[in-house]
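Coordinates from work34.csv are shown below (CSV, C-alpha atoms).
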```csv
chain,number,residue,atom,x,y,z
R,356,MET,CA,166.0,-30.5,-74.4
R,357,VAL,CA,165.1,-33.4,-72.1
R,358,ALA,CA,168.5,-34.9,-72.5
R,359,THR,CA,170.1,-31.7,-71.4
R,360,GLY,CA,168.0,-31.7,-68.2
R,361,GLU,CA,168.9,-35.3,-67.5
R,362,ILE,CA,172.6,-34.8,-68.0
R,363,PHE,CA,172.6,-31.7,-65.8
R,364,GLY,CA,170.3,-33.2,-63.2
R,365,GLY,CA,172.0,-36.6,-63.0
R,366,GLY,CA,175.6,-35.7,-63.6
R,367,ILE,CA,176.5,-32.0,-63.0
R,368,ALA,CA,174.0,-30.9,-60.3
R,369,PRO,CA,175.2,-33.5,-57.7
R,370,SER,CA,178.8,-32.3,-58.2
R,371,ILE,CA,177.7,-28.7,-57.7
R,372,GLY,CA,175.7,-29.6,-54.7
R,373,GLY,CA,178.6,-31.4,-53.1
R,374,ALA,CA,180.9,-28.5,-53.7
R,375,ILE,CA,178.4,-26.1,-52.2
R,376,ALA,CA,177.9,-28.4,-49.2
R,377,GLN,CA,181.7,-28.7,-48.6
R,378,ASN,CA,182.5,-25.0,-48.9
R,379,LYS,CA,179.4,-23.3,-47.5
R,380,GLY,CA,177.5,-25.9,-45.5
R,381,ILE,CA,174.7,-28.4,-46.1
R,382,GLU,CA,172.0,-25.8,-45.5
R,383,TYR,CA,173.0,-23.9,-48.6
R,384,ILE,CA,172.2,-26.7,-51.0
R,385,LEU,CA,168.5,-25.8,-50.9
R,386,TRP,CA,169.3,-22.6,-52.7
R,387,MET,CA,170.7,-24.4,-55.7
R,388,PRO,CA,167.3,-25.6,-57.1
R,389,LEU,CA,165.7,-22.3,-56.4
R,390,VAL,CA,168.4,-20.5,-58.4
R,391,GLY,CA,168.1,-23.1,-61.2
R,392,VAL,CA,164.3,-22.6,-61.5
R,393,ALA,CA,164.7,-18.8,-61.5
R,394,LEU,CA,167.4,-19.0,-64.2
R,395,GLY,CA,165.2,-21.3,-66.2
R,396,ALA,CA,162.2,-19.0,-66.0
R,397,VAL,CA,164.3,-16.0,-67.1
R,398,VAL,CA,165.8,-18.0,-70.0
R,399,SER,CA,162.3,-19.2,-71.1
R,400,LEU,CA,161.1,-15.6,-71.4
R,401,PHE,CA,163.6,-15.1,-74.2
R,402,LEU,CA,162.9,-18.3,-76.2
R,403,LYS,CA,161.0,-18.1,-79.4
R,404,GLU,CA,158.4,-20.7,-80.5
R,405,THR,CA,159.6,-22.5,-83.6
R,406,ALA,CA,157.0,-25.2,-84.1
R,407,PRO,CA,155.2,-24.4,-87.4
R,408,ALA,CA,151.8,-25.7,-86.1
R,409,LYS,CA,152.0,-23.5,-83.0
R,410,VAL,CA,153.2,-20.4,-84.9
R,411,GLY,CA,150.6,-20.8,-87.6
R,412,SER,CA,147.7,-21.2,-85.1
R,413,LEU,CA,148.9,-18.2,-83.1
R,414,ALA,CA,149.0,-16.1,-86.2
R,415,THR,CA,145.5,-17.2,-87.2
R,416,ALA,CA,144.1,-16.5,-83.8
R,417,ALA,CA,145.7,-13.1,-83.7
R,418,ALA,CA,144.3,-12.2,-87.1
R,419,LYS,CA,140.7,-12.9,-85.9
```
Rewrite the structure from the file as C-alpha cells, please.
Amino acid sequence: MVATGEIFGGGIAPSIGGAIAQNKGIEYILWMPLVGVALGAVVSLFLKETAPAKVGSLATAAAK
C-alpha cells in the first residue's frame, strides 16, 4: 500500500500536475490533491479489514 502511494506521488502525480498546469492553468493544480483525498476517502469506505487480530477483537467486542 505504501509503495503504491510512493509510486503515484513521486512518479505519476507530477506528470498529471504538469498536464493540468499546461492545459488549464497553474491555479487548477490545487484541485488535484483535493480530488485525490476525496477519492481515497470514498475508496476506504468500501475496503474490508482482513487482519485476523483486528477482525477477532472486533468480533469479541461486538459479542459483549
Inset, instruction - Quick one: pull the distance between CA of Thr405 (chain R) and CA of Val357 (chain R), Å, one decimal. - result: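 Separation of CA of Thr405 (chain R) and CA of Val357 (chain R): 16.8 Å.
The coordinates place CA of Ala406 (chain R) at 29.2 Å from CA of Leu389 (chain R).
Using only C-alpha atoms for every distance, the candidate list R:Gly360, R:Gly373, R:Pro407, R:Gly366 yields R:Gly373 as the residue closest to Leu385 (chain R).
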Legend entry - Between CA of Glu361 (chain R) and CA of Lys379 (chain R) - distance in Å to one decimal: 25.6 Å
